[in-house]
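Next comes upload.pdb, with PDB, C-alpha atoms, pLDDT in the B column.
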```pdb
ATOM      1  CA  MET H   1      -3.736  -8.678 -25.334  1.00 67.00           C
ATOM      2  CA  ILE H   2      -2.382 -12.233 -25.111  1.00 79.00           C
ATOM      3  CA  PRO H   3       1.126 -11.256 -26.358  1.00 77.00           C
ATOM      4  CA  GLY H   4       1.167  -8.465 -23.770  1.00 74.00           C
ATOM      5  CA  LEU H   5       0.330 -10.882 -20.958  1.00 82.00           C
ATOM      6  CA  ILE H   6       3.045 -13.279 -22.083  1.00 89.00           C
ATOM      7  CA  ALA H   7       5.557 -10.412 -22.305  1.00 86.00           C
ATOM      8  CA  TYR H   8       4.602  -9.391 -18.755  1.00 89.00           C
ATOM      9  CA  ASP H   9       5.249 -12.917 -17.465  1.00 91.00           C
ATOM     10  CA  VAL H  10       8.649 -12.989 -19.161  1.00 93.00           C
ATOM     11  CA  LEU H  11       9.617  -9.583 -17.769  1.00 91.00           C
ATOM     12  CA  PHE H  12       8.389 -10.601 -14.316  1.00 93.00           C
ATOM     13  CA  ALA H  13      10.532 -13.755 -14.404  1.00 94.00           C
ATOM     14  CA  ILE H  14      13.605 -11.759 -15.476  1.00 94.00           C
ATOM     15  CA  THR H  15      13.047  -9.158 -12.752  1.00 94.00           C
ATOM     16  CA  ALA H  16      12.563 -11.902 -10.147  1.00 95.00           C
ATOM     17  CA  ALA H  17      15.842 -13.534 -11.169  1.00 96.00           C
ATOM     18  CA  LEU H  18      17.697 -10.198 -11.039  1.00 94.00           C
ATOM     19  CA  LEU H  19      16.412  -9.441  -7.529  1.00 96.00           C
ATOM     20  CA  TYR H  20      16.074 -12.836  -5.865  1.00 96.00           C
ATOM     21  CA  GLY H  21      19.309 -14.275  -7.265  1.00 96.00           C
ATOM     22  CA  PRO H  22      21.853 -11.929  -5.598  1.00 96.00           C
ATOM     23  CA  ALA H  23      19.804 -11.780  -2.381  1.00 97.00           C
ATOM     24  CA  ALA H  24      19.673 -15.592  -2.195  1.00 96.00           C
ATOM     25  CA  TYR H  25      23.421 -15.809  -2.881  1.00 96.00           C
ATOM     26  CA  LEU H  26      24.196 -13.486   0.046  1.00 96.00           C
ATOM     27  CA  ALA H  27      21.816 -15.417   2.284  1.00 96.00           C
ATOM     28  CA  LEU H  28      23.526 -18.697   1.384  1.00 96.00           C
ATOM     29  CA  GLU H  29      26.950 -17.183   2.124  1.00 95.00           C
ATOM     30  CA  VAL H  30      25.768 -16.109   5.587  1.00 94.00           C
ATOM     31  CA  TRP H  31      24.239 -19.525   6.293  1.00 93.00           C
ATOM     32  CA  GLN H  32      27.389 -21.376   5.186  1.00 94.00           C
ATOM     33  CA  ARG H  33      29.652 -19.200   7.332  1.00 92.00           C
ATOM     34  CA  ILE H  34      27.521 -19.752  10.410  1.00 92.00           C
ATOM     35  CA  ALA H  35      27.039 -23.480   9.685  1.00 89.00           C
ATOM     36  CA  ALA H  36      30.823 -23.897   9.499  1.00 88.00           C
ATOM     37  CA  ARG H  37      31.153 -22.725  13.106  1.00 88.00           C
ATOM     38  CA  ALA H  38      27.897 -23.824  14.736  1.00 86.00           C
ATOM     39  CA  HIS H  39      24.836 -25.993  14.185  1.00 86.00           C
ATOM     40  CA  TRP H  40      23.348 -25.386  10.730  1.00 85.00           C
ATOM     41  CA  ALA H  41      19.906 -24.480  12.136  1.00 89.00           C
ATOM     42  CA  ILE H  42      21.332 -21.431  13.919  1.00 89.00           C
ATOM     43  CA  GLY H  43      22.083 -19.838  10.569  1.00 88.00           C
ATOM     44  CA  ILE H  44      18.553 -20.035   9.143  1.00 91.00           C
ATOM     45  CA  VAL H  45      17.158 -16.835  10.672  1.00 92.00           C
ATOM     46  CA  PRO H  46      20.258 -14.673   9.994  1.00 94.00           C
ATOM     47  CA  ALA H  47      20.302 -15.979   6.412  1.00 95.00           C
ATOM     48  CA  PHE H  48      16.629 -15.120   5.902  1.00 94.00           C
ATOM     49  CA  VAL H  49      17.125 -11.642   7.391  1.00 95.00           C
ATOM     50  CA  THR H  50      20.078 -11.165   5.031  1.00 96.00           C
ATOM     51  CA  PHE H  51      17.890 -12.166   2.095  1.00 97.00           C
ATOM     52  CA  ALA H  52      15.149  -9.726   3.146  1.00 96.00           C
ATOM     53  CA  VAL H  53      17.509  -6.804   3.752  1.00 97.00           C
ATOM     54  CA  ALA H  54      19.342  -7.389   0.463  1.00 97.00           C
ATOM     55  CA  LEU H  55      16.031  -7.514  -1.391  1.00 97.00           C
ATOM     56  CA  ILE H  56      14.872  -4.267   0.221  1.00 98.00           C
ATOM     57  CA  ILE H  57      18.095  -2.546  -0.831  1.00 97.00           C
ATOM     58  CA  GLU H  58      17.799  -3.867  -4.390  1.00 97.00           C
ATOM     59  CA  VAL H  59      14.185  -2.710  -4.671  1.00 97.00           C
ATOM     60  CA  ALA H  60      15.138   0.722  -3.315  1.00 97.00           C
ATOM     61  CA  ILE H  61      17.925   1.083  -5.893  1.00 95.00           C
ATOM     62  CA  PHE H  62      15.746  -0.187  -8.731  1.00 93.00           C
ATOM     63  CA  GLY H  63      12.893   2.113  -7.731  1.00 93.00           C
ATOM     64  CA  ALA H  64      15.178   5.133  -7.408  1.00 93.00           C
ATOM     65  CA  VAL H  65      16.155   4.986 -11.077  1.00 93.00           C
ATOM     66  CA  LEU H  66      12.561   4.704 -12.296  1.00 93.00           C
ATOM     67  CA  PRO H  67      10.672   7.899 -13.212  1.00 92.00           C
ATOM     68  CA  ARG H  68       8.247   9.218 -10.623  1.00 90.00           C
ATOM     69  CA  LEU H  69       4.565   8.516 -11.087  1.00 89.00           C
ATOM     70  CA  ARG H  70       2.107  11.405 -11.060  1.00 90.00           C
ATOM     71  CA  PRO H  71      -1.635  11.467 -10.361  1.00 92.00           C
ATOM     72  CA  GLY H  72      -3.805  11.501 -13.469  1.00 92.00           C
ATOM     73  CA  ARG H  73      -4.814   9.388 -16.460  1.00 92.00           C
ATOM     74  CA  ASP H  74      -2.417   7.372 -18.605  1.00 90.00           C
ATOM     75  CA  ARG H  75      -3.426   5.259 -21.576  1.00 90.00           C
ATOM     76  CA  LEU H  76      -3.002   1.525 -21.037  1.00 87.00           C
ATOM     77  CA  MET H  77      -0.206  -0.049 -23.082  1.00 83.00           C
ATOM     78  CA  LYS H  78       0.595   3.315 -24.706  1.00 86.00           C
ATOM     79  CA  HIS H  79       1.659   5.997 -22.230  1.00 87.00           C
ATOM     80  CA  PRO H  80       5.245   5.657 -20.857  1.00 91.00           C
ATOM     81  CA  LEU H  81       4.061   6.119 -17.262  1.00 91.00           C
ATOM     82  CA  PHE H  82       1.798   3.087 -17.606  1.00 91.00           C
ATOM     83  CA  PHE H  83       4.910   0.953 -18.113  1.00 92.00           C
ATOM     84  CA  VAL H  84       6.622   2.652 -15.173  1.00 94.00           C
ATOM     85  CA  TRP H  85       3.606   1.767 -13.033  1.00 95.00           C
ATOM     86  CA  LEU H  86       3.763  -1.803 -14.353  1.00 93.00           C
ATOM     87  CA  VAL H  87       7.417  -2.214 -13.364  1.00 94.00           C
ATOM     88  CA  ARG H  88       6.800  -0.661  -9.948  1.00 95.00           C
ATOM     89  CA  SER H  89       3.938  -3.111  -9.466  1.00 95.00           C
ATOM     90  CA  MET H  90       6.337  -5.950 -10.212  1.00 95.00           C
ATOM     91  CA  LEU H  91       8.713  -4.677  -7.544  1.00 96.00           C
ATOM     92  CA  ARG H  92       5.859  -4.585  -5.030  1.00 97.00           C
ATOM     93  CA  ARG H  93       4.770  -8.116  -5.888  1.00 96.00           C
ATOM     94  CA  LEU H  94       8.298  -9.463  -5.581  1.00 96.00           C
ATOM     95  CA  LEU H  95       9.052  -7.729  -2.279  1.00 97.00           C
ATOM     96  CA  PHE H  96       5.646  -8.562  -0.810  1.00 96.00           C
ATOM     97  CA  ALA H  97       5.448 -12.168  -1.973  1.00 94.00           C
ATOM     98  CA  PRO H  98       3.316 -14.382   0.327  1.00 91.00           C
ATOM     99  CA  GLY H  99       5.276 -15.427   3.401  1.00 91.00           C
ATOM    100  CA  LEU H 100       7.988 -12.867   2.786  1.00 94.00           C
ATOM    101  CA  LYS H 101       5.513 -10.020   3.247  1.00 95.00           C
ATOM    102  CA  TRP H 102       4.358 -11.469   6.582  1.00 94.00           C
ATOM    103  CA  PHE H 103       7.970 -11.612   7.752  1.00 93.00           C
ATOM    104  CA  LEU H 104       8.638  -8.011   6.675  1.00 96.00           C
ATOM    105  CA  PHE H 105       5.451  -6.614   8.207  1.00 95.00           C
ATOM    106  CA  ALA H 106       5.975  -8.510  11.473  1.00 92.00           C
ATOM    107  CA  SER H 107       8.989  -6.280  12.059  1.00 93.00           C
ATOM    108  CA  ASN H 108       8.423  -2.542  12.515  1.00 94.00           C
ATOM    109  CA  THR H 109      11.880  -1.794  11.127  1.00 96.00           C
ATOM    110  CA  LEU H 110      11.685  -4.076   8.088  1.00 96.00           C
ATOM    111  CA  ARG H 111       8.140  -2.916   7.282  1.00 97.00           C
ATOM    112  CA  PHE H 112       9.223   0.731   7.426  1.00 97.00           C
ATOM    113  CA  PHE H 113      12.221   0.244   5.132  1.00 97.00           C
ATOM    114  CA  SER H 114      10.245  -2.020   2.772  1.00 97.00           C
ATOM    115  CA  LEU H 115       7.567   0.610   2.251  1.00 98.00           C
ATOM    116  CA  ARG H 116      10.159   3.356   1.946  1.00 97.00           C
ATOM    117  CA  ALA H 117      12.010   1.309  -0.651  1.00 97.00           C
ATOM    118  CA  LEU H 118       8.805   1.195  -2.675  1.00 97.00           C
ATOM    119  CA  GLY H 119       8.373   4.962  -2.410  1.00 95.00           C
ATOM    120  CA  ALA H 120       5.775   5.224   0.367  1.00 97.00           C
ATOM    121  CA  LYS H 121       5.946   8.216   2.693  1.00 97.00           C
ATOM    122  CA  VAL H 122       5.296   6.462   5.974  1.00 97.00           C
ATOM    123  CA  ALA H 123       6.243   7.387   9.511  1.00 98.00           C
ATOM    124  CA  PHE H 124       8.200   4.808  11.474  1.00 97.00           C
ATOM    125  CA  ASP H 125       5.407   4.585  14.045  1.00 96.00           C
ATOM    126  CA  ALA H 126       2.621   4.165  11.508  1.00 97.00           C
ATOM    127  CA  ASN H 127       1.029   0.845  12.479  1.00 95.00           C
ATOM    128  CA  MET H 128      -0.067  -1.787   9.970  1.00 95.00           C
ATOM    129  CA  SER H 129      -1.328  -5.328  10.210  1.00 93.00           C
ATOM    130  CA  ALA H 130       0.655  -8.015   8.422  1.00 93.00           C
ATOM    131  CA  ASP H 131      -2.256  -8.722   6.050  1.00 94.00           C
ATOM    132  CA  VAL H 132      -2.831  -5.157   4.880  1.00 96.00           C
ATOM    133  CA  ASP H 133      -2.883  -4.783   1.081  1.00 95.00           C
ATOM    134  CA  ILE H 134      -1.209  -1.604  -0.181  1.00 97.00           C
ATOM    135  CA  LEU H 135      -1.442  -1.814  -3.948  1.00 95.00           C
ATOM    136  CA  ASP H 136       0.457   1.369  -4.808  1.00 96.00           C
ATOM    137  CA  PRO H 137       2.917   2.179  -1.992  1.00 96.00           C
ATOM    138  CA  TRP H 138       4.593   4.945  -4.020  1.00 96.00           C
ATOM    139  CA  LEU H 139       1.360   7.003  -3.760  1.00 97.00           C
ATOM    140  CA  LEU H 140       0.730   6.434  -0.035  1.00 98.00           C
ATOM    141  CA  THR H 141       1.390   8.844   2.822  1.00 98.00           C
ATOM    142  CA  ALA H 142       0.772   7.540   6.360  1.00 98.00           C
ATOM    143  CA  GLU H 143       1.666   9.980   9.109  1.00 98.00           C
ATOM    144  CA  ALA H 144       2.835   9.354  12.670  1.00 97.00           C
ATOM    145  CA  GLY H 145       0.595   7.199  14.816  1.00 97.00           C
ATOM    146  CA  SER H 146      -1.793   6.262  12.014  1.00 98.00           C
ATOM    147  CA  THR H 147      -3.080   2.690  11.930  1.00 97.00           C
ATOM    148  CA  ILE H 148      -4.201   0.430   9.089  1.00 98.00           C
ATOM    149  CA  GLY H 149      -6.006  -2.655  10.345  1.00 96.00           C
ATOM    150  CA  ALA H 150      -6.256  -6.280   9.298  1.00 96.00           C
ATOM    151  CA  ARG H 151      -7.328  -7.023   5.722  1.00 96.00           C
ATOM    152  CA  ALA H 152      -7.691  -3.348   4.857  1.00 98.00           C
ATOM    153  CA  MET H 153      -6.937  -2.518   1.236  1.00 97.00           C
ATOM    154  CA  ILE H 154      -5.457   0.776   0.052  1.00 98.00           C
ATOM    155  CA  ALA H 155      -5.592   1.228  -3.732  1.00 96.00           C
ATOM    156  CA  SER H 156      -4.271   4.290  -5.531  1.00 96.00           C
ATOM    157  CA  HIS H 157      -5.292   3.182  -9.014  1.00 96.00           C
ATOM    158  CA  TYR H 158      -8.203   1.951 -11.073  1.00 93.00           C
ATOM    159  CA  VAL H 159      -8.826   1.317 -14.778  1.00 92.00           C
ATOM    160  CA  GLU H 160     -11.539   3.201 -16.647  1.00 90.00           C
ATOM    161  CA  ARG H 161     -12.267   3.184 -20.387  1.00 88.00           C
ATOM    162  CA  GLY H 162      -8.792   2.025 -21.269  1.00 88.00           C
ATOM    163  CA  ASP H 163      -7.010   4.483 -18.969  1.00 92.00           C
ATOM    164  CA  LEU H 164      -4.972   3.834 -15.852  1.00 94.00           C
ATOM    165  CA  VAL H 165      -6.111   6.401 -13.285  1.00 96.00           C
ATOM    166  CA  LEU H 166      -3.738   7.191 -10.404  1.00 97.00           C
ATOM    167  CA  GLY H 167      -4.412   9.199  -7.267  1.00 97.00           C
ATOM    168  CA  PRO H 168      -2.550   9.517  -3.955  1.00 97.00           C
ATOM    169  CA  VAL H 169      -3.873   8.327  -0.597  1.00 98.00           C
ATOM    170  CA  PHE H 170      -3.167  10.398   2.516  1.00 98.00           C
ATOM    171  CA  ILE H 171      -3.720   9.097   6.064  1.00 98.00           C
ATOM    172  CA  GLY H 172      -3.203  11.741   8.723  1.00 98.00           C
ATOM    173  CA  ALA H 173      -1.513  11.498  12.092  1.00 98.00           C
ATOM    174  CA  GLY H 174      -3.340   9.286  14.564  1.00 98.00           C
ATOM    175  CA  ALA H 175      -6.024   8.251  12.057  1.00 98.00           C
ATOM    176  CA  LEU H 176      -7.470   4.743  12.176  1.00 98.00           C
ATOM    177  CA  VAL H 177      -8.359   2.714   9.095  1.00 98.00           C
ATOM    178  CA  ALA H 178      -9.899  -0.343  10.738  1.00 97.00           C
ATOM    179  CA  SER H 179     -10.155  -3.940   9.576  1.00 96.00           C
ATOM    180  CA  ALA H 180     -11.428  -4.777   6.082  1.00 97.00           C
ATOM    181  CA  VAL H 181     -11.807  -1.122   5.091  1.00 98.00           C
ATOM    182  CA  LEU H 182     -11.491  -0.338   1.369  1.00 98.00           C
ATOM    183  CA  VAL H 183      -9.843   2.972   0.417  1.00 98.00           C
ATOM    184  CA  GLY H 184      -9.726   4.164  -3.182  1.00 97.00           C
ATOM    185  CA  PRO H 185      -7.492   6.625  -5.048  1.00 97.00           C
ATOM    186  CA  SER H 186      -7.300  10.368  -4.331  1.00 97.00           C
ATOM    187  CA  VAL H 187      -8.547   9.946  -0.756  1.00 98.00           C
ATOM    188  CA  SER H 188      -7.468  12.152   2.129  1.00 98.00           C
ATOM    189  CA  ILE H 189      -8.165  11.031   5.705  1.00 98.00           C
ATOM    190  CA  GLY H 190      -7.575  13.720   8.291  1.00 98.00           C
ATOM    191  CA  ALA H 191      -5.699  13.450  11.555  1.00 98.00           C
ATOM    192  CA  ARG H 192      -7.403  11.344  14.230  1.00 98.00           C
ATOM    193  CA  ALA H 193     -10.256  10.366  11.904  1.00 98.00           C
ATOM    194  CA  VAL H 194     -11.717   6.899  12.466  1.00 98.00           C
ATOM    195  CA  ILE H 195     -12.841   4.642   9.628  1.00 98.00           C
ATOM    196  CA  LYS H 196     -14.561   1.670  11.253  1.00 97.00           C
ATOM    197  CA  PRO H 197     -14.566  -1.950   9.996  1.00 98.00           C
ATOM    198  CA  LEU H 198     -15.936  -2.849   6.563  1.00 97.00           C
ATOM    199  CA  ALA H 199     -16.438   0.759   5.485  1.00 98.00           C
ATOM    200  CA  SER H 200     -15.755   1.644   1.845  1.00 98.00           C
ATOM    201  CA  ILE H 201     -14.233   4.974   0.834  1.00 98.00           C
ATOM    202  CA  SER H 202     -14.598   5.671  -2.882  1.00 97.00           C
ATOM    203  CA  VAL H 203     -12.489   7.807  -5.225  1.00 97.00           C
ATOM    204  CA  GLY H 204     -11.757  11.447  -4.440  1.00 97.00           C
ATOM    205  CA  VAL H 205     -13.179  11.498  -0.908  1.00 98.00           C
ATOM    206  CA  THR H 206     -11.946  13.959   1.717  1.00 98.00           C
ATOM    207  CA  ILE H 207     -12.496  13.122   5.393  1.00 98.00           C
ATOM    208  CA  GLY H 208     -11.819  15.860   7.920  1.00 98.00           C
ATOM    209  CA  GLU H 209      -9.952  15.704  11.205  1.00 98.00           C
ATOM    210  CA  SER H 210     -11.554  13.602  13.942  1.00 98.00           C
ATOM    211  CA  ALA H 211     -14.451  12.548  11.698  1.00 98.00           C
ATOM    212  CA  GLN H 212     -15.928   9.095  12.200  1.00 97.00           C
ATOM    213  CA  ILE H 213     -17.165   6.705   9.526  1.00 97.00           C
ATOM    214  CA  GLY H 214     -19.282   3.890  10.929  1.00 96.00           C
ATOM    215  CA  PRO H 215     -19.025   0.166  10.199  1.00 96.00           C
ATOM    216  CA  SER H 216     -20.117  -0.906   6.697  1.00 96.00           C
ATOM    217  CA  ALA H 217     -20.762   2.683   5.612  1.00 97.00           C
ATOM    218  CA  PHE H 218     -20.228   3.546   1.945  1.00 97.00           C
ATOM    219  CA  ILE H 219     -18.856   6.957   1.002  1.00 97.00           C
ATOM    220  CA  ASP H 220     -19.350   7.535  -2.700  1.00 97.00           C
ATOM    221  CA  HIS H 221     -17.214   9.393  -5.234  1.00 96.00           C
ATOM    222  CA  GLY H 222     -16.097  12.932  -4.440  1.00 97.00           C
ATOM    223  CA  VAL H 223     -17.757  13.307  -1.021  1.00 97.00           C
ATOM    224  CA  GLN H 224     -16.341  15.895   1.384  1.00 98.00           C
ATOM    225  CA  ILE H 225     -16.788  15.150   5.076  1.00 98.00           C
ATOM    226  CA  GLY H 226     -16.086  17.936   7.526  1.00 97.00           C
ATOM    227  CA  LYS H 227     -14.127  18.021  10.747  1.00 97.00           C
ATOM    228  CA  GLY H 228     -15.682  15.973  13.554  1.00 97.00           C
ATOM    229  CA  ALA H 229     -18.584  14.770  11.391  1.00 97.00           C
ATOM    230  CA  ILE H 230     -20.132  11.366  12.076  1.00 97.00           C
ATOM    231  CA  VAL H 231     -21.409   8.924   9.470  1.00 97.00           C
ATOM    232  CA  HIS H 232     -23.280   6.143  11.221  1.00 95.00           C
ATOM    233  CA  THR H 233     -23.337   2.390  10.623  1.00 95.00           C
ATOM    234  CA  ARG H 234     -24.308   1.263   7.098  1.00 95.00           C
ATOM    235  CA  ALA H 235     -25.044   4.787   5.930  1.00 95.00           C
ATOM    236  CA  TYR H 236     -24.655   5.552   2.239  1.00 95.00           C
ATOM    237  CA  VAL H 237     -23.403   9.035   1.350  1.00 96.00           C
ATOM    238  CA  LYS H 238     -24.199   9.958  -2.252  1.00 95.00           C
ATOM    239  CA  ARG H 239     -21.707  11.239  -4.802  1.00 95.00           C
ATOM    240  CA  LYS H 240     -20.170  14.666  -4.239  1.00 95.00           C
ATOM    241  CA  ARG H 241     -22.189  15.453  -1.142  1.00 96.00           C
ATOM    242  CA  ILE H 242     -20.643  17.946   1.279  1.00 96.00           C
ATOM    243  CA  ILE H 243     -21.087  17.121   4.960  1.00 96.00           C
ATOM    244  CA  ALA H 244     -20.505  20.053   7.268  1.00 97.00           C
ATOM    245  CA  ASP H 245     -18.225  20.075  10.301  1.00 97.00           C
ATOM    246  CA  TYR H 246     -19.740  18.045  13.178  1.00 96.00           C
ATOM    247  CA  GLU H 247     -22.784  17.047  11.106  1.00 95.00           C
ATOM    248  CA  GLU H 248     -24.234  13.560  11.643  1.00 94.00           C
ATOM    249  CA  VAL H 249     -25.460  11.257   8.873  1.00 93.00           C
ATOM    250  CA  SER H 250     -27.552   8.370  10.138  1.00 86.00           C
ATOM    251  CA  SER H 251     -28.942   6.869   6.919  1.00 72.00           C
ATOM    252  CA  SER H 252     -28.649   7.036   3.132  1.00 61.00           C
ATOM    253  CA  SER H 253     -28.309  10.633   1.998  1.00 56.00           C
TER     254      SER H 253
END
```

Would you mind writing the structure in this file as C-alpha cells?
Amino acid sequence: MIPGLIAYDVLFAITAALLYGPAAYLALEVWQRIAARAHWAIGIVPAFVTFAVALIIEVAIFGAVLPRLRPGRDRLMKHPLFFVWLVRSMLRRLLFAPGLKWFLFASNTLRFFSLRALGAKVAFDANMSADVDILDPWLLTAEAGSTIGARAMIASHYVERGDLVLGPVFIGAGALVASAVLVGPSVSIGARAVIKPLASISVGVTIGESAQIGPSAFIDHGVQIGKGAIVHTRAYVKRKRIIADYEEVSSSS
C-alpha cells in the first residue's frame, strides 16, 4: 500500500509539471508582452485567463486519449480501468485546484469548457455554485436549466470490498440539487425535480419528474420515487422501496 501511495505522488507531480508548465509559460509570455507596452498590473488578468484556457485545452487533449470509463466494478490496483480512473482523478484535481476552481466556476463559459474537458455532459445553462464538488465529472450529465447548489457533492464512485464501483449521475432539465445535498453513484434525478438542502441520495436511486425531496431527508439504496411524489423533511426512505407517482412520505418508511 505504501509503495502505491508514493508512486501516486510521483505520478501526480509529473502530471502537474506536464500540464502546469506549458500553461504557465504561455501565461508568462502574455504578461511580458502586455507589460512591455503598458503597466505590468494590466497583464495579470489576461495572463491568468491564458493559463486557465491553456490548462483546459491540455486536460481535454489528455482526457481524449484515455480509455472511456464504464459503470461497474473494477478491482483496486489490478483492473486497467482502475488506473484510468486514477489518472482522470488526477486531471480533475489539477484543473480544479483550490483558487483555480473558484475562478473557473465563476465564469459560465470557463466552467462549461472545464467540465466538458473532463468528460461531463453538461448544458451551457446548467447552473453550479463555485463550491460544488463533482468527484467524477466524466460520469455526470446535467441537462439544460438544472442547478447544483452550494457545497453539494456529486460522487459517481465508491469503494466496496476492494472494488472500485462506478455509476453515472443524471440530473434532468430544470432540476434543483440544493445546498449541501449529497448524491451518490447510479442516481437519476428527473426533470424539474427538487432536492432540498442537506438531503442525502444514496446509490442507485431514481427520482421521477417534478418529485420533491425535503430538507435533511435520506433516500436509501435502490429507492424508486415516482413522478410528482413528495418526501417530507427528515424522512427516511428504506432500501429499495418504490414510491408511487404523487405519493407523499412524511416519516420513516

| task | Do a neighbour search on segment 230-237 of chain H at 6 Å with only C-alpha atoms, toss out local chain neighbours closer than 4 positions, and write the hits as a ChimeraX atom specification. | result | /H:211-220,248-253

Since we have the selection now, will you write its residues out, keeping C-alpha atoms, as an mmCIF file, in the frame of the given file?
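Contents of the output file out-v2.cif:
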```
data_model
loop_
_atom_site.group_PDB
_atom_site.id
_atom_site.type_symbol
_atom_site.label_atom_id
_atom_site.label_comp_id
_atom_site.auth_asym_id
_atom_site.auth_seq_id
_atom_site.Cartn_x
_atom_site.Cartn_y
_atom_site.Cartn_z
ATOM 1 C CA ALA H 211 -14.451 12.548 11.698
ATOM 2 C CA GLN H 212 -15.928 9.095 12.200
ATOM 3 C CA ILE H 213 -17.165 6.705 9.526
ATOM 4 C CA GLY H 214 -19.282 3.890 10.929
ATOM 5 C CA PRO H 215 -19.025 0.166 10.199
ATOM 6 C CA SER H 216 -20.117 -0.906 6.697
ATOM 7 C CA ALA H 217 -20.762 2.683 5.612
ATOM 8 C CA PHE H 218 -20.228 3.546 1.945
ATOM 9 C CA ILE H 219 -18.856 6.957 1.002
ATOM 10 C CA ASP H 220 -19.350 7.535 -2.700
ATOM 11 C CA GLU H 248 -24.234 13.560 11.643
ATOM 12 C CA VAL H 249 -25.460 11.257 8.873
ATOM 13 C CA SER H 250 -27.552 8.370 10.138
ATOM 14 C CA SER H 251 -28.942 6.869 6.919
ATOM 15 C CA SER H 252 -28.649 7.036 3.132
ATOM 16 C CA SER H 253 -28.309 10.633 1.998
#
```

| field | Minimum-distance residue to Gly228 of chain H, chosen among H:Ser210, H:Thr147, H:Asn108, H:Asn127 (using all atoms listed in the file) | value | H:Ser210

| said: Need to verify the contact set: Gly119 of chain H, 12 Å, all atoms listed in the file, exclusion of same-chain residues closer than 5 positions in sequence. Can you return it as a list in words? | reply: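 Once the adjacent positions are removed, what remains is Ile56, Val59, Ala60, Ile61, Phe62, Gly63, Ala64, Val65, Leu66, Pro67, Arg68, Leu69, Arg88, Ser89, Leu91, Arg92, Phe112, Phe113, Ser114, Ile134, Asp136, Pro137, Trp138, Leu139, Leu140, Thr141, Ala142 and Pro168 of chain H.
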
| request: In Å, rounded to a single decimal, give me how far atom CA of Ser179 of chain H is from atom CA of Asp245 of chain H. | output: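 Between these atoms lies a distance of 25.3 Å.
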
| So which one's closest to Val205 of chain H, H:Ala175, H:Ile242, H:Asp133, H:Ala150? Using all atoms listed in the file, please. | H:Ile242

Report as a compact mmCIF listing (two decimals) with C-alpha atoms, in the coordinates of the input the residues that result from applying the PyMOL selection byres ((chain H and resi 4-15) around 10) to the structure here.
```
# COMPACT_ATOMS: atom_id res chain seq x y z
CA MET H 1 -3.74 -8.68 -25.33
CA ILE H 2 -2.38 -12.23 -25.11
CA PRO H 3 1.13 -11.26 -26.36
CA ALA H 16 12.56 -11.90 -10.15
CA ALA H 17 15.84 -13.53 -11.17
CA LEU H 18 17.70 -10.20 -11.04
CA LEU H 19 16.41 -9.44 -7.53
CA TYR H 20 16.07 -12.84 -5.86
CA GLY H 21 19.31 -14.28 -7.26
CA MET H 77 -0.21 -0.05 -23.08
CA LEU H 86 3.76 -1.80 -14.35
CA VAL H 87 7.42 -2.21 -13.36
CA SER H 89 3.94 -3.11 -9.47
CA MET H 90 6.34 -5.95 -10.21
CA LEU H 91 8.71 -4.68 -7.54
CA ARG H 93 4.77 -8.12 -5.89
CA LEU H 94 8.30 -9.46 -5.58
```
